[in-house]
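**Q** Have a look at this one.
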Amino acid sequence: MDGTGAYNSRYEPLELFGEDCQITAAPEPSNVLWENLETTPFQRGARKTGVVMLITLFIFLTFLLYSGLKSKAGENKLKYPSSTDCNGFKSLFEKGERSSDDYKYDVDNFKSYAEYDKDETQNMRGAGYYMCYCKMESSFAKIAKNKDRENDPCYKYYTDVASGLALTNTVTILVSVINIVIRTFNIKLIGAIQYPTVSKEVSLIMLSIFWATFINTGVILLMTNAELAYSPYPLGLFPIHNQYPDFNENWYEEIGPQLTKTMFIMAIYPYLEMLIFGGLWNLYKILDKGCCCFDKHRTKATTPMKFINLYAGPAYLMHFKYSSILTQVYISFMYGLFIPVLFPIAAFGIFNMYMVEKFALLYYYRKPPMYDDKL
């Protein structure tokens, strides 16, 4: 019971110094953070304000980083639009039917048009001749084999394509890396608030990690590619002017694969985490035993506490597991109507989490504390 009035055996309210008694259920001893009990509510409130400001600043800096990378990658989309009909451009230099004997393809004339269009394309005013010529008459392999590749007219095109692809994949990987950084950052900051119970601390960490990773994965990736000039109030007030005013074919071609890759990385992350950190834990135990890996009684630990800290396993971090499931569910429902493959990926991720956590709770993590109903 929480804040329940106290009664005697005759169901009469108990009084102490003329006031009604209120009984609050005590938390489990393993759920109490004893070192934090002296922190006052005012101190916690001040620290919470500082934590919210730091997390907001971190997310804003992440948004600026993504915007810089996407603006650079967006230049290639403006130079080389994916909607360009290259077959139509090629047909301008063809005469006769392709299957007939009088068919002619004036590739030299096509090349001269492409060279003339090259400078205009670099200034984002190209007609499409340069892009289509390089796309249809050249390749990465031809450029790589050419010793004088820098003078090849299509060298700049394939350099731009390679850099754009690298930036796109960088953003995809960066989203997953920053999610891990956000997790560590939030755990440290929320711990500095010094809540009195583990349940309260874990609950706040879970919510903060969830919102931060959801914004980082699902919202910032959307906003860094958005054109809000034509959006209704109040979105139109934000000075965000990028490529896509709406969800169109080009948006799906560029952002859809990035979001799908990010969700897939989140889905298989439980296995990667267990492989990396579980492997390190076993390596530390092997180093502790030396050459006698099968001797259960051999150890280099000099105190019982060092031995327990090494062999009891790491603490069970429920907060980011919980937040990871929420992030996958929210993102899949946010974009799933447009990208249906996100639903099976999210289900795959939750299944992976269940299998790994069931094994890890038995053989890897140490026994978690007794949480209360606030979690």
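Going by the structure tokens order, chains are called A, B, ..., each with residues numbered from 1, while ligands are numbered from 1 in the order shown.
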At most 9 Å is the cut-off: for each residue in range 168-196 of chain A with any atom that close to an atom of range 41-64 of chain A, write down the nearest atom pair and the distance in Å rounded to one decimal, counting only C-alpha atoms, chain first then increasing number, as a tab-separated table.

**A**
residue	atom	partner	partner_atom	distance
A:Ile178	CA	A:Thr62	CA	8.2
A:Ile182	CA	A:Ile55	CA	8.5
A:Phe185	CA	A:Ile55	CA	8.3
A:Asn186	CA	A:Ile55	CA	7.5
A:Leu189	CA	A:Val51	CA	6.0
A:Ile190	CA	A:Val51	CA	7.1
A:Ala192	CA	A:Arg47	CA	7.4
A:Ile193	CA	A:Arg44	CA	5.4
A:Gln194	CA	A:Arg44	CA	6.8
A:Tyr195	CA	A:Arg44	CA	7.5

**Q** Among range 234-300 of chain A, which residues does DSSP mark as helix (DSSP H, G or I) when it is run on the backbone? Keep the chain and numbering as in the structure and answer as a PyMOL selection string.

**A** chain A and resi 235-237+249-289

**Q** Could you list, as a PyMOL selection string, every residue within 12 Å of Asp152 in chain A, counting only C-alpha atoms and ignoring same-chain residues fewer than 2 positions away?

**A** chain A and resi 111+114-115+118+134+138-140+142-150+154-159

**Q** As a ChimeraX atom specification, list the residues of range 55-254 of chain A assigned to strand (DSSP E or B) by DSSP on the backbone atoms of this structure.

**A** /A:94-95,104-105,197,226-227,241,244

**Q** Show me, as number ranges by chain, the residues that have an atom within 9 Å of Ile205 in chain A when counting only C-alpha atoms, minus same-chain residues fewer than 2 positions from it.

**A** A: 183, 186-187, 189-191, 200-203, 207-210, 319-320, 323

**Q** What lies within 8 Å of Ile255 in chain A using only C-alpha atoms, ignoring chain neighbours under 4 positions off, as a list in words?

**A**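 With the cut-off at 8 Å, the set is Leu221, Trp251 and Leu259 of chain A.
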
**Q** Which residues, written as an MDAnalysis selection string, have at least one atom at most 12 Å from Phe343 in chain A, with only C-alpha atoms counted and residues fewer than 5 positions away on the same chain left out?

**A** chainID A and resid 260 263:264 267 328:338 348:350

**Q** Filtering to C-alpha atoms, could you give me those residues as a short mmCIF file (atom, residue, chain, number, x, y, z; two decimals), in the first residue's frame?

**A**
data_model
loop_
_atom_site.label_atom_id
_atom_site.label_comp_id
_atom_site.auth_asym_id
_atom_site.auth_seq_id
_atom_site.Cartn_x
_atom_site.Cartn_y
_atom_site.Cartn_z
CA THR A 260 15.45 -0.55 -42.96
CA MET A 263 16.12 -1.37 -37.90
CA PHE A 264 17.87 -4.58 -38.99
CA ALA A 267 17.15 -6.41 -34.54
CA GLN A 328 11.44 -0.84 -32.63
CA VAL A 329 7.68 -0.98 -32.05
CA TYR A 330 7.17 2.79 -32.37
CA ILE A 331 9.30 3.14 -35.51
CA SER A 332 7.68 0.14 -37.21
CA PHE A 333 4.21 1.57 -36.58
CA MET A 334 5.33 5.07 -37.58
CA TYR A 335 6.71 4.02 -40.99
CA GLY A 336 5.25 0.54 -41.43
CA LEU A 337 2.34 1.64 -43.61
CA PHE A 338 4.85 3.03 -46.13
CA PHE A 348 12.41 -10.52 -35.63
CA GLY A 349 14.18 -8.09 -33.30
CA ILE A 350 11.78 -8.73 -30.40
#
